[in-house]
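Structure below is start37.txt: compact mmCIF, C-alpha atoms.
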```txt
# COMPACT_ATOMS: atom_id res chain seq x y z
CA MET D 298 115.14 93.35 75.86
CA ARG D 299 115.67 94.47 79.44
CA ALA D 300 115.62 98.13 80.36
CA ILE D 301 118.12 99.23 82.96
CA ALA D 302 116.64 101.00 85.98
CA PRO D 303 116.94 104.73 85.33
CA ALA D 304 119.53 106.76 87.18
CA ALA D 305 116.66 108.64 88.76
CA ALA D 306 115.56 105.46 90.56
CA VAL D 307 119.04 105.11 91.99
CA ALA D 308 118.98 108.75 93.10
CA VAL D 309 115.59 108.27 94.77
CA ALA D 310 116.83 105.18 96.59
CA ALA D 311 119.93 107.06 97.73
CA ALA D 312 117.77 109.94 98.96
CA LEU D 313 115.82 107.54 101.17
CA VAL D 314 118.95 106.52 103.03
CA LEU D 315 119.41 108.29 106.36
CA THR D 316 122.29 108.20 108.81
CA ALA D 317 123.06 105.11 110.88
CA CYS D 318 126.17 104.27 112.87
CA ASP D 319 128.50 101.43 111.94
CA ASP D 320 130.17 99.73 114.86
CA GLY D 321 132.98 98.61 112.56
CA GLY D 322 132.18 94.91 112.83
CA GLY D 323 132.25 92.75 109.75
CA GLY D 324 129.25 90.53 109.30
CA ALA D 325 129.86 87.06 107.98
CA GLY D 326 126.69 86.50 106.04
CA ASP D 327 123.02 86.26 106.74
CA SER D 328 122.59 85.31 110.39
CA ARG D 329 118.89 84.62 110.77
CA ALA D 330 119.27 82.07 113.55
CA GLY D 331 116.51 83.33 115.81
CA ASP D 332 115.99 86.34 118.02
CA ARG D 333 118.68 87.31 120.51
CA GLY D 334 116.55 89.80 122.41
CA ALA D 335 115.16 93.22 121.63
CA GLY D 336 114.84 96.68 123.06
CA ARG D 337 118.34 96.62 124.62
CA ASP D 338 121.35 98.49 123.32
CA GLY D 339 123.03 96.33 120.69
CA ALA D 340 120.21 93.75 120.53
CA VAL D 341 119.01 92.41 117.21
CA CYS D 342 116.73 94.81 115.31
CA ARG D 343 113.25 93.33 115.08
CA VAL D 344 110.51 94.09 112.60
CA ASP D 345 108.04 95.03 115.35
CA GLU D 346 110.46 97.67 116.71
CA VAL D 347 111.22 99.46 113.44
CA ASP D 348 109.25 101.26 110.75
CA ILE D 349 109.65 99.86 107.26
CA GLU D 350 108.50 101.83 104.24
CA ALA D 351 108.51 100.65 100.64
CA GLY D 352 108.77 102.79 97.53
CA ALA D 353 108.96 101.47 93.99
CA SER D 354 110.19 102.34 90.57
CA ALA D 355 108.10 99.62 88.96
CA ALA D 356 109.09 97.92 85.72
CA PRO D 357 106.66 99.18 83.04
CA ALA D 358 106.57 96.08 80.83
CA ALA D 359 107.61 92.42 80.66
CA GLY D 360 111.40 92.13 80.43
CA ASP D 361 112.02 95.53 82.05
CA THR D 362 113.85 95.94 85.35
CA GLY D 363 112.18 97.52 88.38
CA THR D 364 113.21 98.27 91.94
CA VAL D 365 111.51 98.38 95.31
CA SER D 366 113.43 100.32 97.96
CA PHE D 367 112.78 99.57 101.62
CA THR D 368 113.71 102.09 104.33
CA VAL D 369 114.11 100.71 107.86
CA THR D 370 113.90 103.29 110.69
CA ASN D 371 114.60 102.33 114.31
CA ARG D 372 111.84 103.45 116.73
CA GLY D 373 113.48 102.26 119.95
CA ALA D 374 116.78 101.68 121.70
CA ALA D 375 119.86 101.05 119.58
CA CYS D 376 119.79 97.70 117.84
CA THR D 377 122.04 95.71 115.52
CA LEU D 378 121.67 94.56 111.92
CA ASP D 379 124.24 91.80 111.41
CA GLY D 380 123.82 90.32 107.97
CA LEU D 381 121.63 90.86 104.94
CA PRO D 382 117.93 91.63 104.69
CA ALA D 383 115.71 88.83 103.43
CA VAL D 384 112.66 89.11 101.15
CA THR D 385 110.24 86.32 100.35
CA LEU D 386 107.79 86.75 97.48
CA SER D 387 104.42 85.03 97.90
CA ALA D 388 102.22 83.91 95.04
CA GLY D 389 99.45 81.88 96.62
CA ASP D 390 100.91 78.83 98.36
CA ALA D 391 104.31 79.20 96.74
CA PRO D 392 106.62 81.48 98.78
CA VAL D 393 109.98 82.07 97.07
CA GLU D 394 112.99 83.59 98.80
CA VAL D 395 114.76 86.25 96.77
CA PRO D 396 118.52 85.64 96.65
CA ALA D 397 121.04 88.28 97.73
CA GLU D 398 122.83 90.23 95.02
CA GLN D 399 125.86 88.29 93.86
CA ALA D 400 128.27 90.97 95.13
CA ALA D 401 126.31 91.77 98.33
CA ARG D 402 128.49 91.83 101.42
CA ALA D 403 126.96 91.58 104.84
CA ARG D 404 128.18 93.90 107.54
CA LYS D 405 127.29 94.66 111.10
CA LEU D 406 125.51 97.98 111.68
CA THR D 407 124.29 99.54 114.90
CA LEU D 408 121.08 101.43 114.28
CA ALA D 409 120.58 104.22 116.83
CA GLU D 410 117.11 105.38 117.85
CA GLY D 411 115.62 107.36 114.96
CA ALA D 412 118.36 106.28 112.51
CA ALA D 413 117.56 104.58 109.22
CA VAL D 414 119.09 102.38 106.53
CA SER D 415 117.69 101.15 103.25
CA PHE D 416 118.01 98.22 100.89
CA THR D 417 116.73 97.54 97.40
CA LEU D 418 115.02 94.61 95.75
CA THR D 419 115.68 94.58 91.99
CA TYR D 420 113.46 92.43 89.76
CA VAL D 421 112.66 91.70 86.13
CA ARG D 422 108.99 91.95 85.27
CA GLY D 423 107.50 88.77 83.86
CA GLU D 424 104.84 88.32 81.23
CA ALA D 425 101.35 88.37 82.76
CA GLY D 426 99.96 84.85 82.86
CA GLY D 427 103.16 83.44 81.40
CA GLY D 428 104.54 80.08 82.44
CA ARG D 429 107.90 81.70 83.24
CA SER D 430 106.47 84.26 85.65
CA LEU D 431 105.54 84.38 89.31
CA ALA D 432 102.20 86.12 90.03
CA VAL D 433 103.39 87.79 93.24
CA LYS D 434 100.74 88.94 95.72
CA SER D 435 102.99 90.07 98.59
CA ALA D 436 106.59 90.52 99.70
CA ASP D 437 107.63 89.60 103.26
CA VAL D 438 110.66 91.37 104.73
CA ALA D 439 112.84 89.86 107.49
CA LEU D 440 115.78 91.46 109.26
CA PRO D 441 118.93 89.43 109.96
CA GLY D 442 118.94 87.58 113.27
CA ALA D 443 115.19 87.98 113.81
CA SER D 444 112.45 85.53 112.89
CA ASP D 445 109.55 87.98 112.51
CA THR D 446 108.53 89.43 109.13
CA ARG D 447 106.49 92.31 107.77
CA GLY D 448 104.33 91.84 104.69
CA PHE D 449 103.83 94.34 101.89
CA PRO D 450 101.27 94.04 99.08
CA TRP D 451 102.89 93.61 95.64
CA SER D 452 101.37 95.68 92.84
CA TYR D 453 104.33 95.83 90.48
CA GLY D 454 103.38 93.08 88.03
CA GLU D 455 104.53 89.50 87.77
CA VAL D 456 108.18 88.62 88.41
CA ALA D 457 110.08 86.70 85.75
CA LEU D 458 111.54 83.30 86.62
CA LYS D 459 115.06 82.42 85.55
CA GLY D 460 115.08 78.82 86.64
CA GLU D 461 112.95 76.22 88.39
CA GLY D 462 111.03 78.51 90.72
CA LEU D 463 113.97 80.95 91.01
CA PRO D 464 112.86 84.57 90.60
CA ASP D 465 114.80 86.91 88.33
CA ALA D 466 115.31 89.20 91.31
CA SER D 467 117.87 90.02 93.98
CA VAL D 468 118.13 91.85 97.30
CA GLY D 469 120.94 94.29 97.99
CA PRO D 470 122.70 94.95 101.31
CA PHE D 471 121.78 97.65 103.80
CA GLN D 472 123.00 101.08 102.72
CA GLN D 473 123.68 104.10 104.88
CA ALA D 474 124.77 107.69 104.41
CA GLY D 475 127.39 109.59 106.37
CA ASP D 476 130.01 108.18 108.72
```

Show how you would write the structure in this file as structure tokens.
Amino acid sequence: MRAIAPAAAVAVAAALVLTACDDGGGGAGDSRAGDRGAGRDGAVCRVDEVDIEAGASAAPAAGDTGTVSFTVTNRGAACTLDGLPAVTLSAGDAPVEVPAEQAARARKLTLAEGAAVSFTLTYVRGEAGGGRSLAVKSADVALPGASDTRGFPWSYGEVALKGEGLPDASVGPFQQAGD
């Protein structure tokens, strides 16, 4: 039986969200078609120009649901996030991209210097050593429109599989607080 992530995990994730400005544009999906420049006002946000921190509410046992919240803070000139974040889970030589939440809607955000947004990866913990689990070693995060990634060690247990190599996991959209 799956346990639902506790309300406290949602509150913690919400607390991590800081203010960012929305330019009002409507993104049309994940646009990861290469870098369009960096360090200029309105340029694509790149992994090497932001801080990314991860915090988890790990699933305690096989079948339980856990979350990993990522906070992205801009260190430089204003940049743009136009689409959805991407996370790839690596288990040896088998990288697996985590799909976006079914209801996730991409939108265009301008991230001012010092501003932050967050997103959450939700996963179901798999049985250790089970044939229907992915023994994840790391998670690689990519921002929309940029080709670079940042890796994070994975210490939250195996991730359940729900199909041929498809992880029982999803990535949510960027979230912000304020106007």

Atomic separation - atom CA of Ser467 of chain D relative to atom CA of Ile349 of chain D, Å: 18.5 Å

Which residues are near Val344 of chain D? Cut-off 9 Å, all atoms listed in the file, ignore same chain within fewer than 5 positions. Put them as a ChimeraX atom specification. /D:349,369,438-440,443-447

Closest contacts (segment 342-416 of chain D/segment 453-456 of chain D, max 9 Å, only C-alpha atoms) as a Markdown table:
```
| residue | atom | partner | partner_atom | distance |
| --- | --- | --- | --- | --- |
| D:Ala353 | CA | D:Tyr453 | CA | 8.1 |
| D:Ser354 | CA | D:Tyr453 | CA | 8.8 |
| D:Ala355 | CA | D:Tyr453 | CA | 5.6 |
| D:Ala356 | CA | D:Tyr453 | CA | 7.0 |
| D:Pro357 | CA | D:Tyr453 | CA | 8.5 |
| D:Ala358 | CA | D:Gly454 | CA | 8.4 |
| D:Ala359 | CA | D:Glu455 | CA | 8.3 |
| D:Gly363 | CA | D:Tyr453 | CA | 8.3 |
```

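Here atom CA of Asn371 of chain D stands at a distance of 12.0 Å from atom CA of Ala340 of chain D.
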
Around (113.7, 86.0, 97.7) in the file's own coordinates, what residues are found within 10 Å if you use all atoms listed in the file, given back as an mmCIF file with C-alpha atoms, keeping the file's coordinate frame?
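Done, and the output landed in out_8.cif:
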```cif
data_model
loop_
_atom_site.group_PDB
_atom_site.id
_atom_site.type_symbol
_atom_site.label_atom_id
_atom_site.label_comp_id
_atom_site.auth_asym_id
_atom_site.auth_seq_id
_atom_site.Cartn_x
_atom_site.Cartn_y
_atom_site.Cartn_z
ATOM 1 C CA PRO D 382 117.930 91.630 104.690
ATOM 2 C CA ALA D 383 115.710 88.830 103.430
ATOM 3 C CA VAL D 384 112.660 89.110 101.150
ATOM 4 C CA THR D 385 110.240 86.320 100.350
ATOM 5 C CA LEU D 386 107.790 86.750 97.480
ATOM 6 C CA SER D 387 104.420 85.030 97.900
ATOM 7 C CA PRO D 392 106.620 81.480 98.780
ATOM 8 C CA VAL D 393 109.980 82.070 97.070
ATOM 9 C CA GLU D 394 112.990 83.590 98.800
ATOM 10 C CA VAL D 395 114.760 86.250 96.770
ATOM 11 C CA PRO D 396 118.520 85.640 96.650
ATOM 12 C CA ALA D 397 121.040 88.280 97.730
ATOM 13 C CA LEU D 418 115.020 94.610 95.750
ATOM 14 C CA ALA D 436 106.590 90.520 99.700
ATOM 15 C CA ASP D 437 107.630 89.600 103.260
ATOM 16 C CA VAL D 438 110.660 91.370 104.730
ATOM 17 C CA LEU D 463 113.970 80.950 91.010
ATOM 18 C CA PRO D 464 112.860 84.570 90.600
ATOM 19 C CA ASP D 465 114.800 86.910 88.330
ATOM 20 C CA ALA D 466 115.310 89.200 91.310
ATOM 21 C CA SER D 467 117.870 90.020 93.980
ATOM 22 C CA VAL D 468 118.130 91.850 97.300
#
```

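The space between atom CA of Thr419 of chain D and atom CA of Glu350 of chain D spans 15.9 Å.
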
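Nearest residue to Arg343 of chain D, choosing from D:Leu408, D:Ala403, D:Val365, D:Leu458 and counting all atoms listed in the file: D:Leu408.
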
Residue neighbourhood Phe471 of chain D, 8 Å, all atoms listed in the file, exclusion window fewer than 4 positions, as a list in words: Leu381, Pro382, Val414, Ser415 and Phe416 of chain D

Would you please work out which residue, of D:Gln399, D:Thr368, D:Thr407, D:Gln473, is nearest to Cys342 of chain D when using all atoms listed in the file? D:Thr407

Which of these residues is nearest to Thr417 of chain D, using all atoms listed in the file: D:Gly460, D:Gly469, D:Gly442, D:Gly389?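 Going through D:Gly460, D:Gly469, D:Gly442, D:Gly389 one by one, the smallest distance to Thr417 of chain D is for D:Gly469.
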
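Nearest residue to Arg402 of chain D among D:Gly423, D:Pro441, D:Pro450, D:Gly380 is D:Gly380, counting all atoms listed in the file.
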
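Of the residues listed (D:Ala351, D:Asp361, D:Pro470, D:Glu398), D:Asp361 shows the shortest atom-to-atom separation from Ala457 of chain D; distances use all atoms listed in the file.
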
Could you add the missing atoms to segment 361-397 of chain D, up to N, CA and C atoms, and return them as a compact mmCIF listing (two decimals), in the frame of the given file?
```txt
# COMPACT_ATOMS: atom_id res chain seq x y z
N ASP D 361 111.40 94.33 81.48
CA ASP D 361 112.02 95.53 82.05
C ASP D 361 112.42 95.27 83.50
N THR D 362 113.38 96.05 83.99
CA THR D 362 113.85 95.94 85.35
C THR D 362 113.19 97.00 86.22
N GLY D 363 112.77 96.60 87.41
CA GLY D 363 112.18 97.52 88.38
C GLY D 363 112.87 97.36 89.71
N THR D 364 112.63 98.32 90.60
CA THR D 364 113.21 98.27 91.94
C THR D 364 112.15 98.61 92.98
N VAL D 365 112.31 98.02 94.15
CA VAL D 365 111.51 98.38 95.31
C VAL D 365 112.52 98.68 96.42
N SER D 366 112.51 99.91 96.90
CA SER D 366 113.43 100.32 97.96
C SER D 366 112.70 100.28 99.29
N PHE D 367 113.34 99.68 100.28
CA PHE D 367 112.78 99.57 101.62
C PHE D 367 113.65 100.42 102.56
N THR D 368 113.02 101.29 103.33
CA THR D 368 113.71 102.09 104.33
C THR D 368 113.32 101.59 105.71
N VAL D 369 114.31 101.25 106.51
CA VAL D 369 114.11 100.71 107.86
C VAL D 369 114.55 101.79 108.86
N THR D 370 113.61 102.25 109.70
CA THR D 370 113.90 103.29 110.69
C THR D 370 113.68 102.74 112.09
N ASN D 371 114.68 102.85 112.94
CA ASN D 371 114.60 102.33 114.31
C ASN D 371 113.73 103.25 115.17
N ARG D 372 112.73 102.69 115.84
CA ARG D 372 111.84 103.45 116.73
C ARG D 372 112.23 103.35 118.19
N GLY D 373 113.17 102.49 118.54
CA GLY D 373 113.48 102.26 119.95
C GLY D 373 114.95 102.39 120.25
N ALA D 374 115.38 101.68 121.29
CA ALA D 374 116.78 101.68 121.70
C ALA D 374 117.65 101.15 120.57
N ALA D 375 118.92 101.50 120.60
CA ALA D 375 119.86 101.05 119.58
C ALA D 375 119.76 99.54 119.39
N CYS D 376 119.85 99.13 118.15
CA CYS D 376 119.79 97.70 117.84
C CYS D 376 120.78 97.41 116.72
N THR D 377 121.01 96.13 116.46
CA THR D 377 122.04 95.71 115.52
C THR D 377 121.44 94.96 114.33
N LEU D 378 121.95 95.30 113.16
CA LEU D 378 121.67 94.56 111.92
C LEU D 378 122.99 93.87 111.57
N ASP D 379 123.02 92.55 111.66
CA ASP D 379 124.24 91.80 111.41
C ASP D 379 123.97 90.77 110.33
N GLY D 380 124.09 91.19 109.09
CA GLY D 380 123.82 90.32 107.97
C GLY D 380 123.10 91.06 106.86
N LEU D 381 122.36 90.31 106.08
CA LEU D 381 121.63 90.86 104.94
C LEU D 381 120.13 90.79 105.18
N PRO D 382 119.39 91.72 104.59
CA PRO D 382 117.93 91.63 104.69
C PRO D 382 117.45 90.43 103.86
N ALA D 383 116.27 89.95 104.18
CA ALA D 383 115.71 88.83 103.43
C ALA D 383 114.31 89.24 102.95
N VAL D 384 113.99 88.86 101.71
CA VAL D 384 112.66 89.11 101.15
C VAL D 384 112.14 87.82 100.56
N THR D 385 110.91 87.49 100.91
CA THR D 385 110.24 86.32 100.35
C THR D 385 109.03 86.82 99.56
N LEU D 386 108.93 86.40 98.31
CA LEU D 386 107.79 86.75 97.48
C LEU D 386 106.76 85.63 97.58
N SER D 387 105.50 86.03 97.78
CA SER D 387 104.42 85.03 97.90
C SER D 387 103.46 85.15 96.74
N ALA D 388 103.19 84.01 96.13
CA ALA D 388 102.22 83.91 95.04
C ALA D 388 101.33 82.72 95.40
N GLY D 389 100.30 82.98 96.16
CA GLY D 389 99.45 81.88 96.62
C GLY D 389 100.19 81.06 97.65
N ASP D 390 100.25 79.74 97.43
CA ASP D 390 100.91 78.83 98.36
C ASP D 390 102.37 78.60 98.04
N ALA D 391 102.94 79.43 97.19
CA ALA D 391 104.31 79.20 96.74
C ALA D 391 105.24 80.34 97.13
N PRO D 392 105.67 80.44 98.42
CA PRO D 392 106.62 81.48 98.78
C PRO D 392 108.00 81.18 98.20
N VAL D 393 108.67 82.22 97.69
CA VAL D 393 109.98 82.07 97.07
C VAL D 393 110.91 83.11 97.66
N GLU D 394 112.02 82.66 98.24
CA GLU D 394 112.99 83.59 98.80
C GLU D 394 113.81 84.22 97.67
N VAL D 395 113.97 85.52 97.76
CA VAL D 395 114.76 86.25 96.77
C VAL D 395 116.22 86.17 97.19
N PRO D 396 117.11 85.75 96.29
CA PRO D 396 118.52 85.64 96.65
C PRO D 396 119.17 87.02 96.82
N ALA D 397 120.26 87.05 97.58
CA ALA D 397 121.04 88.28 97.73
C ALA D 397 121.76 88.58 96.43
```
